[in-house]
file my_file23.pdb (PDB, C-alpha atoms)
ATOM      1  CA  MET L1064    -173.222-104.836-141.749
ATOM      2  CA  ARG L1065    -173.754-102.209-144.429
ATOM      3  CA  SER L1066    -177.222-100.908-145.202
ATOM      4  CA  LEU L1067    -178.607-100.947-148.746
ATOM      5  CA  PRO L1068    -181.468 -99.041-150.372
ATOM      6  CA  LYS L1069    -184.579-101.190-150.381
ATOM      7  CA  THR L1070    -185.011-102.894-153.734
ATOM      8  CA  ILE L1071    -187.715-101.403-155.951
ATOM      9  CA  LEU L1072    -188.355-104.667-157.778
ATOM     10  CA  GLU L1073    -191.967-105.814-157.516
ATOM     11  CA  ALA L1074    -192.642-109.357-156.336
ATOM     12  CA  GLU L1075    -195.319-109.973-158.948
ATOM     13  CA  THR L1076    -193.132-108.774-161.819
ATOM     14  CA  VAL L1077    -190.217-110.964-160.784
ATOM     15  CA  PHE L1078    -192.419-114.014-160.221
ATOM     16  CA  LEU L1079    -194.273-113.725-163.531
ATOM     17  CA  ASP L1080    -191.042-113.164-165.447
ATOM     18  CA  CYS L1081    -189.518-116.272-163.853
ATOM     19  CA  ILE L1082    -192.421-118.497-164.951
ATOM     20  CA  SER L1083    -192.949-116.829-168.333
ATOM     21  CA  ARG L1084    -191.311-119.553-170.449
ATOM     22  CA  ILE L1085    -192.695-122.643-168.751
ATOM     23  CA  GLU L1086    -194.125-124.916-171.439
ATOM     24  CA  ASP L1087    -195.954-127.350-169.162
ATOM     25  CA  LEU L1088    -199.447-125.854-169.282
ATOM     26  CA  ASP L1089    -200.600-127.515-166.056
ATOM     27  CA  LEU L1090    -197.589-126.289-164.090
ATOM     28  CA  ARG L1091    -197.770-122.832-165.567
ATOM     29  CA  GLY L1092    -201.466-122.572-164.793
ATOM     30  CA  ARG L1093    -200.924-123.594-161.182
ATOM     31  CA  LEU L1094    -198.085-121.103-160.796
ATOM     32  CA  GLU L1095    -200.109-118.276-162.302
ATOM     33  CA  GLY L1096    -202.861-119.188-159.851
ATOM     34  CA  ILE L1097    -200.660-118.384-156.848
ATOM     35  CA  ALA L1098    -199.496-114.952-158.051
ATOM     36  CA  GLU L1099    -201.772-113.149-155.597
ATOM     37  CA  THR L1100    -200.399-115.234-152.731
ATOM     38  CA  ILE L1101    -196.842-114.361-153.757
ATOM     39  CA  VAL L1102    -197.698-110.642-153.706
ATOM     40  CA  ALA L1103    -199.487-110.907-150.358
ATOM     41  CA  SER L1104    -196.529-112.770-148.868
ATOM     42  CA  SER L1105    -194.160-110.067-150.085
ATOM     43  CA  ASP L1106    -196.340-107.412-148.481
ATOM     44  CA  GLU L1107    -196.328-109.324-145.204
ATOM     45  CA  PHE L1108    -192.553-109.687-145.360
ATOM     46  CA  ASP L1109    -192.244-105.929-145.816
ATOM     47  CA  ARG L1110    -194.429-105.246-142.776
ATOM     48  CA  ARG L1111    -192.704-107.773-140.543
ATOM     49  CA  ALA L1112    -189.168-106.833-141.571
ATOM     50  CA  SER L1113    -189.899-103.185-140.835
ATOM     51  CA  THR L1114    -190.456-104.059-137.158
ATOM     52  CA  ALA L1115    -187.891-106.871-136.725
ATOM     53  CA  ALA L1116    -190.744-109.369-136.611
ATOM     54  CA  LEU L1117    -189.705-111.858-139.279
ATOM     55  CA  HIS L1118    -190.111-114.594-136.680
ATOM     56  CA  GLU L1119    -193.872-114.034-136.908
ATOM     57  CA  ILE L1120    -194.075-115.172-140.536
ATOM     58  CA  LEU L1121    -195.444-118.705-140.707
ATOM     59  CA  GLN L1122    -193.493-121.325-142.579
ATOM     60  CA  SER L1123    -194.879-122.395-145.941
ATOM     61  CA  ILE L1124    -193.729-125.677-147.457
ATOM     62  CA  GLY L1125    -195.248-125.289-150.894
ATOM     63  CA  VAL L1126    -197.865-122.688-151.786
ATOM     64  CA  ASP L1127    -201.646-122.877-151.337
ATOM     65  CA  GLY L1128    -201.583-126.662-151.550
ATOM     66  CA  ILE L1129    -201.228-126.548-155.349
ATOM     67  CA  VAL L1130    -197.542-125.766-155.909
ATOM     68  CA  THR L1131    -194.860-127.848-154.223
ATOM     69  CA  LYS L1132    -191.657-126.742-152.545
ATOM     70  CA  ASP L1133    -189.603-128.319-155.345
ATOM     71  CA  GLU L1134    -191.619-126.485-157.973
ATOM     72  CA  MET L1135    -190.981-123.177-156.205
ATOM     73  CA  ASN L1136    -187.297-124.041-155.963
ATOM     74  CA  ASP L1137    -187.361-124.537-159.730
ATOM     75  CA  VAL L1138    -188.886-121.066-160.090
ATOM     76  CA  TYR L1139    -185.889-119.690-158.203
ATOM     77  CA  THR L1140    -183.605-121.637-160.559
ATOM     78  CA  ARG L1141    -185.308-119.788-163.400
ATOM     79  CA  MET L1142    -184.379-116.567-161.651
ATOM     80  CA  VAL L1143    -180.751-117.632-161.364
ATOM     81  CA  SER L1144    -180.306-118.927-164.903
ATOM     82  CA  GLY L1145    -183.491-118.305-166.843
ATOM     83  CA  PRO L1146    -185.921-115.556-167.784
ATOM     84  CA  GLY L1147    -185.649-113.961-164.343
ATOM     85  CA  ARG L1148    -181.884-113.517-164.535
ATOM     86  CA  LYS L1149    -182.094-109.756-165.098
ATOM     87  CA  HIS L1150    -183.742-109.401-161.692
ATOM     88  CA  TYR L1151    -181.148-111.649-160.046
ATOM     89  CA  ASP L1152    -178.378-109.505-161.510
ATOM     90  CA  ALA L1153    -180.096-106.255-160.492
ATOM     91  CA  ILE L1154    -180.201-107.336-156.838
ATOM     92  CA  LYS L1155    -176.681-108.730-156.962
ATOM     93  CA  GLN L1156    -175.306-105.510-158.415
ATOM     94  CA  SER L1157    -177.021-103.304-155.829
ATOM     95  CA  ALA L1158    -174.131-103.728-153.374
ATOM     96  CA  PRO L1159    -171.664-100.797-153.674
ATOM     97  CA  ASN L1160    -168.259-101.903-154.949
ATOM     98  CA  SER L1161    -169.614-105.474-155.036
ATOM     99  CA  LYS L1162    -168.906-105.838-151.299
ATOM    100  CA  CYS L1163    -171.064-108.205-149.279
ATOM    101  CA  PRO L1164    -173.267-106.085-146.981
ATOM    102  CA  LEU L1165    -173.322-108.832-144.354
ATOM    103  CA  CYS L1166    -169.583-109.085-143.630
ATOM    104  CA  ALA L1167    -168.667-105.741-145.265
ATOM    105  CA  HIS L1168    -165.510-107.347-146.620
ATOM    106  CA  ARG L1169    -165.741-110.150-149.167
ATOM    107  CA  ASN L1170    -167.055-109.805-152.707
ATOM    108  CA  VAL L1171    -170.679-110.531-153.608
ATOM    109  CA  LYS L1172    -171.011-113.874-155.375
ATOM    110  CA  THR L1173    -174.644-114.853-154.910
ATOM    111  CA  LEU L1174    -178.011-113.913-153.419
ATOM    112  CA  ASP L1175    -178.957-114.881-149.901
ATOM    113  CA  HIS L1176    -182.493-115.742-148.805
ATOM    114  CA  VAL L1177    -183.119-113.902-145.538
ATOM    115  CA  LEU L1178    -185.794-116.501-144.759
ATOM    116  CA  PRO L1179    -184.738-119.784-146.400
ATOM    117  CA  LYS L1180    -186.734-120.918-149.413
ATOM    118  CA  SER L1181    -186.676-124.472-148.026
ATOM    119  CA  ARG L1182    -189.071-123.341-145.269
ATOM    120  CA  PHE L1183    -190.742-120.340-146.894
ATOM    121  CA  SER L1184    -191.705-121.383-150.399
ATOM    122  CA  LYS L1185    -193.857-118.287-150.930
ATOM    123  CA  LEU L1186    -190.754-116.122-150.599
ATOM    124  CA  ALA L1187    -188.479-118.082-152.953
ATOM    125  CA  VAL L1188    -188.216-115.252-155.501
ATOM    126  CA  THR L1189    -189.495-112.345-153.421
ATOM    127  CA  PRO L1190    -187.029-109.474-154.000
ATOM    128  CA  LEU L1191    -187.290-108.200-150.415
ATOM    129  CA  ASN L1192    -186.216-111.639-149.183
ATOM    130  CA  LEU L1193    -183.125-111.640-151.384
ATOM    131  CA  ILE L1194    -179.940-109.728-150.651
ATOM    132  CA  PRO L1195    -176.518-109.722-152.338
ATOM    133  CA  ALA L1196    -173.984-111.716-150.347
ATOM    134  CA  CYS L1197    -170.637-113.455-150.485
ATOM    135  CA  SER L1198    -170.607-117.237-150.635
ATOM    136  CA  ASP L1199    -169.160-117.575-147.129
ATOM    137  CA  CYS L1200    -171.880-115.485-145.472
ATOM    138  CA  ASN L1201    -174.538-117.299-147.458
ATOM    139  CA  LYS L1202    -173.244-120.662-146.243
ATOM    140  CA  ALA L1203    -172.730-119.494-142.656
ATOM    141  CA  LYS L1204    -176.364-118.430-142.358
ATOM    142  CA  ARG L1205    -177.523-121.859-143.491
ATOM    143  CA  SER L1206    -181.254-122.238-142.812
ATOM    144  CA  ARG L1207    -181.467-120.675-139.371
ATOM    145  CA  LEU L1208    -185.016-119.732-138.430
ATOM    146  CA  PRO L1209    -185.728-116.840-136.060
ATOM    147  CA  THR L1210    -188.092-117.756-133.241
ATOM    148  CA  THR L1211    -187.977-114.437-131.368
ATOM    149  CA  ALA L1212    -187.472-110.778-132.235
ATOM    150  CA  SER L1213    -183.924-110.993-130.856
ATOM    151  CA  GLU L1214    -183.134-113.749-133.354
ATOM    152  CA  ALA L1215    -184.454-111.847-136.378
ATOM    153  CA  PRO L1216    -181.529-111.468-138.793
ATOM    154  CA  LEU L1217    -180.230-108.027-139.585
ATOM    155  CA  HIS L1218    -181.502-107.001-142.996
ATOM    156  CA  PRO L1219    -179.570-104.437-145.088
ATOM    157  CA  TYR L1220    -182.822-103.026-146.550
ATOM    158  CA  TYR L1221    -184.418-102.373-143.166
ATOM    159  CA  ASP L1222    -181.675-102.117-140.532
ATOM    160  CA  ASP L1223    -179.200 -99.232-140.497
ATOM    161  CA  ILE L1224    -176.592 -99.715-137.773
ATOM    162  CA  GLU L1225    -173.783 -97.824-139.475
ATOM    163  CA  ASP L1226    -174.024 -94.837-137.127
ATOM    164  CA  ILE L1227    -174.042 -96.966-133.965
ATOM    165  CA  PRO L1228    -170.512 -97.768-132.744
ATOM    166  CA  TRP L1229    -170.595-101.495-132.066
ATOM    167  CA  LEU L1230    -167.361-103.060-133.358
ATOM    168  CA  VAL L1231    -164.292-102.872-131.115
ATOM    169  CA  ALA L1232    -160.883-104.527-131.019
ATOM    170  CA  HIS L1233    -158.203-105.220-128.443
ATOM    171  CA  LEU L1234    -154.757-106.793-128.599
ATOM    172  CA  THR L1235    -153.023-109.786-127.115
ATOM    173  CA  GLN L1236    -149.419-108.991-126.229
ATOM    174  CA  SER L1237    -148.002-112.009-128.015
ATOM    175  CA  ASP L1238    -145.651-112.873-130.833
ATOM    176  CA  PRO L1239    -147.183-112.415-133.293
ATOM    177  CA  VAL L1240    -149.642-109.859-131.961
ATOM    178  CA  VAL L1241    -153.286-110.898-132.332
ATOM    179  CA  THR L1242    -156.091-108.392-132.842
ATOM    180  CA  VAL L1243    -159.333-109.661-131.308
ATOM    181  CA  PHE L1244    -162.683-108.247-132.385
ATOM    182  CA  SER L1245    -165.948-108.179-130.466
ATOM    183  CA  VAL L1246    -169.288-106.419-130.166
ATOM    184  CA  GLN L1247    -169.520-103.577-127.657
ATOM    185  CA  LEU L1248    -172.572-101.352-127.838
ATOM    186  CA  PRO L1249    -173.138 -97.959-126.188
ATOM    187  CA  ASP L1250    -175.033 -97.973-122.889
ATOM    188  CA  GLY L1251    -178.750 -97.695-123.466
ATOM    189  CA  THR L1252    -178.807 -99.513-126.815
ATOM    190  CA  GLU L1253    -182.200-101.182-127.184
ATOM    191  CA  GLY L1254    -181.975-104.817-126.049
ATOM    192  CA  VAL L1255    -183.446-106.530-129.102
ATOM    193  CA  LEU L1256    -181.169-104.597-131.440
ATOM    194  CA  ALA L1257    -178.148-105.422-129.285
ATOM    195  CA  ASP L1258    -179.030-109.120-129.432
ATOM    196  CA  ARG L1259    -179.510-109.001-133.194
ATOM    197  CA  ILE L1260    -176.137-107.343-133.757
ATOM    198  CA  ALA L1261    -174.410-109.886-131.514
ATOM    199  CA  ASN L1262    -176.166-112.778-133.264
ATOM    200  CA  HIS L1263    -175.154-111.368-136.649
ATOM    201  CA  PHE L1264    -171.504-111.066-135.566
ATOM    202  CA  ASP L1265    -171.398-114.564-134.067
ATOM    203  CA  SER L1266    -173.370-116.476-136.693
ATOM    204  CA  LEU L1267    -171.260-115.144-139.562
ATOM    205  CA  GLU L1268    -168.030-115.778-137.616
ATOM    206  CA  LEU L1269    -166.872-112.221-138.226
ATOM    207  CA  ALA L1270    -164.412-112.250-135.309
ATOM    208  CA  GLU L1271    -162.284-114.849-137.081
ATOM    209  CA  LEU L1272    -162.549-113.142-140.471
ATOM    210  CA  TYR L1273    -161.527-109.765-139.074
ATOM    211  CA  LYS L1274    -158.705-111.249-136.980
ATOM    212  CA  ILE L1275    -157.175-112.796-140.089
ATOM    213  CA  GLU L1276    -157.554-109.608-142.099
ATOM    214  CA  ALA L1277    -155.994-107.522-139.321
ATOM    215  CA  ALA L1278    -152.998-109.860-139.182
ATOM    216  CA  GLU L1279    -152.481-109.451-142.917
ATOM    217  CA  GLU L1280    -152.853-105.668-142.636
ATOM    218  CA  LEU L1281    -150.256-105.564-139.895
ATOM    219  CA  THR L1282    -147.821-107.593-141.971
ATOM    220  CA  GLY L1283    -148.171-105.011-144.719
ATOM    221  CA  ILE L1284    -147.470-101.986-142.492
ATOM    222  CA  ARG L1285    -144.907-103.485-140.089
ATOM    223  CA  GLN L1286    -141.876-102.041-141.858
ATOM    224  CA  GLU L1287    -143.550 -98.632-142.081
ATOM    225  CA  LEU L1288    -144.203 -98.656-138.330
ATOM    226  CA  THR L1289    -140.633 -99.771-137.657
ATOM    227  CA  ASN L1290    -139.301 -96.840-139.656
ATOM    228  CA  LEU L1291    -141.574 -94.416-137.786
ATOM    229  CA  LEU L1292    -140.487 -95.811-134.409
ATOM    230  CA  ASN L1293    -136.807 -95.521-135.316
ATOM    231  CA  SER L1294    -137.134 -91.980-136.620
ATOM    232  CA  GLY L1295    -139.610 -90.410-134.192
ATOM    233  CA  GLY L1296    -140.305 -92.797-131.342
ATOM    234  CA  ILE L1297    -143.535 -94.020-129.819
ATOM    235  CA  ARG L1298    -145.335 -90.695-130.238
ATOM    236  CA  THR L1299    -144.773 -90.686-133.993
ATOM    237  CA  VAL L1300    -146.088 -94.237-134.309
ATOM    238  CA  ARG L1301    -149.164 -93.410-132.261
ATOM    239  CA  GLU L1302    -149.927 -90.222-134.181
ATOM    240  CA  HIS L1303    -149.683 -92.108-137.452
ATOM    241  CA  LEU L1304    -152.045 -94.822-136.237
ATOM    242  CA  ILE L1305    -154.518 -92.248-134.888
ATOM    243  CA  GLU L1306    -154.514 -90.487-138.244
ATOM    244  CA  ARG L1307    -155.121 -93.778-140.029
ATOM    245  CA  ALA L1308    -157.930 -94.673-137.621
ATOM    246  CA  SER L1309    -159.597 -91.322-138.244
ATOM    247  CA  SER L1310    -159.304 -91.799-141.987
ATOM    248  CA  MET L1311    -160.863 -95.274-141.755
ATOM    249  CA  GLU L1312    -163.652 -94.011-139.501
ATOM    250  CA  ASN L1313    -164.579 -91.375-142.061
ATOM    251  CA  VAL L1314    -165.210 -94.222-144.493
ATOM    252  CA  HIS L1315    -167.039 -96.623-142.134
ATOM    253  CA  LEU L1316    -167.483 -96.380-138.385
ATOM    254  CA  ASN L1317    -167.725-100.152-137.876
ATOM    255  CA  TRP L1318    -165.090-101.240-140.387
ATOM    256  CA  TRP L1319    -162.663-103.822-139.047
ATOM    257  CA  ARG L1320    -159.836-101.515-140.135
ATOM    258  CA  THR L1321    -161.323 -98.672-138.081
ATOM    259  CA  ALA L1322    -161.503-100.851-134.967
ATOM    260  CA  ALA L1323    -158.030-102.297-135.538
ATOM    261  CA  TYR L1324    -156.255 -98.980-135.985
ATOM    262  CA  LYS L1325    -157.998 -97.545-132.927
ATOM    263  CA  ALA L1326    -156.875-100.523-130.843
ATOM    264  CA  TRP L1327    -153.304-100.333-132.152
ATOM    265  CA  ALA L1328    -153.084 -96.584-131.530
ATOM    266  CA  GLY L1329    -154.346 -96.944-127.978
ATOM    267  CA  ASN L1330    -151.916 -99.669-126.919
ATOM    268  CA  ASP L1331    -148.584 -98.507-125.441
ATOM    269  CA  TRP L1332    -146.911-101.889-125.862
ATOM    270  CA  PHE L1333    -147.885-102.032-129.521
ATOM    271  CA  CYS L1334    -146.672 -98.493-130.275
ATOM    272  CA  ALA L1335    -143.379 -99.188-128.504
ATOM    273  CA  GLY L1336    -142.586-102.013-130.894
ATOM    274  CA  GLY L1337    -145.026-104.789-130.059
ATOM    275  CA  PHE L1338    -146.105-104.713-133.701
ATOM    276  CA  ALA L1339    -142.678-106.049-134.730
ATOM    277  CA  GLY L1340    -143.367-109.663-133.730
ATOM    278  CA  THR L1341    -141.526-112.271-135.735
ATOM    279  CA  GLY L1342    -144.095-115.090-135.485
TER
END

call {"tool": "encode", "arguments": {"input": "my_file23.pdb", "output": "structure tokens"}}
result
Amino acid sequence: MRSLPKTILEAETVFLDCISRIEDLDLRGRLEGIAETIVASSDEFDRRASTAALHEILQSIGVDGIVTKDEMNDVYTRMVSGPGRKHYDAIKQSAPNSKCPLCAHRNVKTLDHVLPKSRFSKLAVTPLNLIPACSDCNKAKRSRLPTTASEAPLHPYYDDIEDIPWLVAHLTQSDPVVTVFSVQLPDGTEGVLADRIANHFDSLELAELYKIEAAEELTGIRQELTNLLNSGGIRTVREHLIERASSMENVHLNWWRTAAYKAWAGNDWFCAGGFAGTG
């Protein structure tokens, strides 16, 4: 996961902009009447997310007994394709290079509700509850609800795990070679954080994504490695892979490429020609 600067969008501003063109006077009046609740809910989200306590936020199907879940869903629709679109785009464009912060690989296509709007109507258009994401990560999260601190989802605005080495890879000596990714945290890593990172990795099925990407990467460099092996032997192959791993690590410590190149460089069988599988 890649961290992002916390959005500066105000919940009240976004909410009022989203409902600004509603012509039904009754509906608009009821929505304006819950503005304070929307702001208070955003403030609570901020407090809870800061301490990995999103599981302590009570579900809200509808708001204050006067606005229904469907009506709040319609407010979100107005954020996606109505008067609130500028805010939707601002959050979507906050991801550097348009890369999904959740998988750190695919392109951002949508916004993801950290706590699903189907169960937390008050947070349907709350900026802090919305993060840029790819479609696959958005679908993989579905509507999972955290019930403990360990199940609280990692949040790019609040959780910075980029300086903690947690992603590792190892190889299967097969034809073709398979690069397998997993979570391995340093000794002493706080238990709740370790659980949250593992849950993030598993729920988004990142092992499979990274395995596929590593296979494609290897296909692209196989001839290069063959040439290095033929000209300089195992040592030359290993030195090249170490250099590549270092270069990747300078970009992102927990990038799948960083983990893959480290694993390749550290494997004698691979450096001796195991990369040249024909499968």

call {"tool": "resolve_selection", "arguments": {"input": "my_file23.pdb", "expression": "the PyMOL selection byres ((chain L and resi 1272) around 12)", "output": "PyMOL selection string"}}
result
chain L and resi 1166-1169+1199-1200+1242-1245+1264-1271+1273-1279+1319-1320

call {"tool": "write_last_selection", "arguments": {"input": "my_file23.pdb", "atoms": "C-alpha atoms", "output": "PDB file, in the frame of the given file"}}
result
ATOM      1  CA  CYS L1166    -169.583-109.085-143.630  1.00  0.00           C
ATOM      2  CA  ALA L1167    -168.667-105.741-145.265  1.00  0.00           C
ATOM      3  CA  HIS L1168    -165.510-107.347-146.620  1.00  0.00           C
ATOM      4  CA  ARG L1169    -165.741-110.150-149.167  1.00  0.00           C
ATOM      5  CA  ASP L1199    -169.160-117.575-147.129  1.00  0.00           C
ATOM      6  CA  CYS L1200    -171.880-115.485-145.472  1.00  0.00           C
ATOM      7  CA  THR L1242    -156.091-108.392-132.842  1.00  0.00           C
ATOM      8  CA  VAL L1243    -159.333-109.661-131.308  1.00  0.00           C
ATOM      9  CA  PHE L1244    -162.683-108.247-132.385  1.00  0.00           C
ATOM     10  CA  SER L1245    -165.948-108.179-130.466  1.00  0.00           C
ATOM     11  CA  PHE L1264    -171.504-111.066-135.566  1.00  0.00           C
ATOM     12  CA  ASP L1265    -171.398-114.564-134.067  1.00  0.00           C
ATOM     13  CA  SER L1266    -173.370-116.476-136.693  1.00  0.00           C
ATOM     14  CA  LEU L1267    -171.260-115.144-139.562  1.00  0.00           C
ATOM     15  CA  GLU L1268    -168.030-115.778-137.616  1.00  0.00           C
ATOM     16  CA  LEU L1269    -166.872-112.221-138.226  1.00  0.00           C
ATOM     17  CA  ALA L1270    -164.412-112.250-135.309  1.00  0.00           C
ATOM     18  CA  GLU L1271    -162.284-114.849-137.081  1.00  0.00           C
ATOM     19  CA  TYR L1273    -161.527-109.765-139.074  1.00  0.00           C
ATOM     20  CA  LYS L1274    -158.705-111.249-136.980  1.00  0.00           C
ATOM     21  CA  ILE L1275    -157.175-112.796-140.089  1.00  0.00           C
ATOM     22  CA  GLU L1276    -157.554-109.608-142.099  1.00  0.00           C
ATOM     23  CA  ALA L1277    -155.994-107.522-139.321  1.00  0.00           C
ATOM     24  CA  ALA L1278    -152.998-109.860-139.182  1.00  0.00           C
ATOM     25  CA  GLU L1279    -152.481-109.451-142.917  1.00  0.00           C
ATOM     26  CA  TRP L1319    -162.663-103.822-139.047  1.00  0.00           C
ATOM     27  CA  ARG L1320    -159.836-101.515-140.135  1.00  0.00           C
TER      28      ARG L1320
END

call {"tool": "resolve_selection", "arguments": {"input": "my_file23.pdb", "expression": "the PyMOL selection byres ((chain L and resi 1300-1306) around 12)", "output": "ChimeraX atom specification"}}
result
/L:1281,1284-1299,1307-1313,1320-1338

call {"tool": "closest_residue", "arguments": {"input": "my_file23.pdb", "among": "L:Val1240, L:Leu1217, L:Val1126, L:Cys1163", "to": "Asn1201 in chain L", "atoms": "only C-alpha atoms"}}
result
L:Cys1163

call {"tool": "closest_residue", "arguments": {"input": "my_file23.pdb", "among": "L:Ala1203, L:Ala1215, L:Ala1196, L:Ala1232", "to": "Met1064 in chain L", "atoms": "all atoms listed in the file"}}
result
L:Ala1196

call {"tool": "closest_residue", "arguments": {"input": "my_file23.pdb", "among": "L:Asn1136, L:Thr1282, L:Ser1113, L:Ser1083", "to": "His1218 in chain L", "atoms": "all atoms listed in the file"}}
result
L:Ser1113

call {"tool": "closest_residue", "arguments": {"input": "my_file23.pdb", "among": "L:Ala1074, L:Val1177, L:Ile1194, L:Ile1085", "to": "Pro1216 in chain L", "atoms": "all atoms listed in the file"}}
result
L:Val1177

call {"tool": "resolve_selection", "arguments": {"input": "my_file23.pdb", "expression": "the PyMOL selection byres ((chain L and resi 1191) around 8)", "output": "short mmCIF file (atom, residue, chain, number, x, y, z; two decimals) with C-alpha atoms, keeping the file's coordinate frame"}}
result
data_model
loop_
_atom_site.label_atom_id
_atom_site.label_comp_id
_atom_site.auth_asym_id
_atom_site.auth_seq_id
_atom_site.Cartn_x
_atom_site.Cartn_y
_atom_site.Cartn_z
CA LYS L 1069 -184.58 -101.19 -150.38
CA THR L 1070 -185.01 -102.89 -153.73
CA SER L 1105 -194.16 -110.07 -150.08
CA PHE L 1108 -192.55 -109.69 -145.36
CA ASP L 1109 -192.24 -105.93 -145.82
CA THR L 1189 -189.50 -112.34 -153.42
CA PRO L 1190 -187.03 -109.47 -154.00
CA ASN L 1192 -186.22 -111.64 -149.18
CA LEU L 1193 -183.12 -111.64 -151.38
CA ILE L 1194 -179.94 -109.73 -150.65
CA TYR L 1220 -182.82 -103.03 -146.55
#

call {"tool": "closest_residue", "arguments": {"input": "my_file23.pdb", "among": "L:Ala1212, L:Ser1181, L:Arg1111, L:Pro1195", "to": "Pro1159 in chain L", "atoms": "all atoms listed in the file"}}
result
L:Pro1195

call {"tool": "residues_around", "arguments": {"input": "my_file23.pdb", "residues": "range 1089-1092 of chain L", "least_positions_apart": "5", "cutoff": "10 Å", "atoms": "all atoms listed in the file", "output": "list in words"}}
result
Leu1079, Ile1082, Ser1083, Arg1084, Ile1097, Ile1129, Val1130 and Glu1134 of chain L

call {"tool": "closest_atom_pairs", "arguments": {"input": "my_file23.pdb", "of": "range 1081-1161 of chain L", "to": "range 1253-1256 of chain L", "cutoff": "12 Å", "atoms": "only C-alpha atoms", "output": "Markdown table"}}
result
| residue | atom | partner | partner_atom | distance |
| --- | --- | --- | --- | --- |
| L:Thr1114 | CA | L:Leu1256 | CA | 10.9 |
| L:Ala1115 | CA | L:Val1255 | CA | 8.8 |
| L:Ala1116 | CA | L:Val1255 | CA | 10.8 |

call {"tool": "write_last_selection", "arguments": {"input": "my_file23.pdb", "atoms": "C-alpha atoms", "output": "mmCIF file, keeping the file's coordinate frame"}}
result
data_model
loop_
_atom_site.group_PDB
_atom_site.id
_atom_site.type_symbol
_atom_site.label_atom_id
_atom_site.label_comp_id
_atom_site.auth_asym_id
_atom_site.auth_seq_id
_atom_site.Cartn_x
_atom_site.Cartn_y
_atom_site.Cartn_z
ATOM 1 C CA THR L 1114 -190.456 -104.059 -137.158
ATOM 2 C CA ALA L 1115 -187.891 -106.871 -136.725
ATOM 3 C CA ALA L 1116 -190.744 -109.369 -136.611
#

call {"tool": "closest_residue", "arguments": {"input": "my_file23.pdb", "among": "L:Ser1237, L:Ser1157, L:Thr1100, L:Ser1198", "to": "Leu1067 in chain L", "atoms": "all atoms listed in the file"}}
result
L:Ser1157

call {"tool": "atom_distance", "arguments": {"input": "my_file23.pdb", "atom1": "CA of Arg1093 in chain L", "atom2": "CA of Asp1133 in chain L"}}
result
13.6 Å

call {"tool": "axis_aligned_box", "arguments": {"input": "my_file23.pdb", "around": "range 1301-1307 of chain L", "padding_each_side": "8 Å", "output": "AutoDock Vina command-line options"}}
result
--center_x -152.1 --center_y -92.5 --center_z -136.1 --size_x 22.0 --size_y 20.6 --size_z 23.8

call {"tool": "residues_around", "arguments": {"input": "my_file23.pdb", "residues": "Ser1123 in chain L", "least_positions_apart": "4", "cutoff": "7 Å", "atoms": "all atoms listed in the file", "output": "JSON, numbers by chain"}}
result
{"L": [1182, 1183, 1184, 1185]}

call {"tool": "atom_distance", "arguments": {"input": "my_file23.pdb", "atom1": "CA of Glu1073 in chain L", "atom2": "CA of Ile1124 in chain L"}}
result
22.3 Å

call {"tool": "atom_distance", "arguments": {"input": "my_file23.pdb", "atom1": "CA of Ser1104 in chain L", "atom2": "CA of Ile1260 in chain L"}}
result
26.0 Å

call {"tool": "build_atoms", "arguments": {"input": "my_file23.pdb", "residues": "range 1239-1249 of chain L", "atoms": "N, CA and C atoms", "output": "compact mmCIF listing (two decimals), in the coordinates of the input"}}
result
# COMPACT_ATOMS: atom_id res chain seq x y z
N PRO L 1239 -146.83 -113.75 -132.81
CA PRO L 1239 -147.18 -112.42 -133.29
C PRO L 1239 -148.37 -111.84 -132.52
N VAL L 1240 -148.52 -110.52 -132.60
CA VAL L 1240 -149.64 -109.86 -131.96
C VAL L 1240 -150.94 -110.32 -132.61
N VAL L 1241 -151.98 -110.49 -131.81
CA VAL L 1241 -153.29 -110.90 -132.33
C VAL L 1241 -154.29 -109.80 -132.01
N THR L 1242 -155.05 -109.40 -133.02
CA THR L 1242 -156.09 -108.39 -132.84
C THR L 1242 -157.43 -109.11 -132.73
N VAL L 1243 -158.09 -108.94 -131.61
CA VAL L 1243 -159.33 -109.66 -131.31
C VAL L 1243 -160.51 -108.69 -131.42
N PHE L 1244 -161.52 -109.10 -132.15
CA PHE L 1244 -162.68 -108.25 -132.38
C PHE L 1244 -163.90 -108.76 -131.61
N SER L 1245 -164.73 -107.81 -131.18
CA SER L 1245 -165.95 -108.18 -130.47
C SER L 1245 -166.99 -107.08 -130.61
N VAL L 1246 -168.18 -107.38 -130.14
CA VAL L 1246 -169.29 -106.42 -130.17
C VAL L 1246 -169.35 -105.70 -128.83
N GLN L 1247 -169.36 -104.38 -128.87
CA GLN L 1247 -169.52 -103.58 -127.66
C GLN L 1247 -170.39 -102.38 -128.00
N LEU L 1248 -171.60 -102.39 -127.49
CA LEU L 1248 -172.57 -101.35 -127.84
C LEU L 1248 -172.64 -100.27 -126.78
N PRO L 1249 -173.01 -99.05 -127.16
CA PRO L 1249 -173.14 -97.96 -126.19
C PRO L 1249 -174.20 -98.29 -125.15
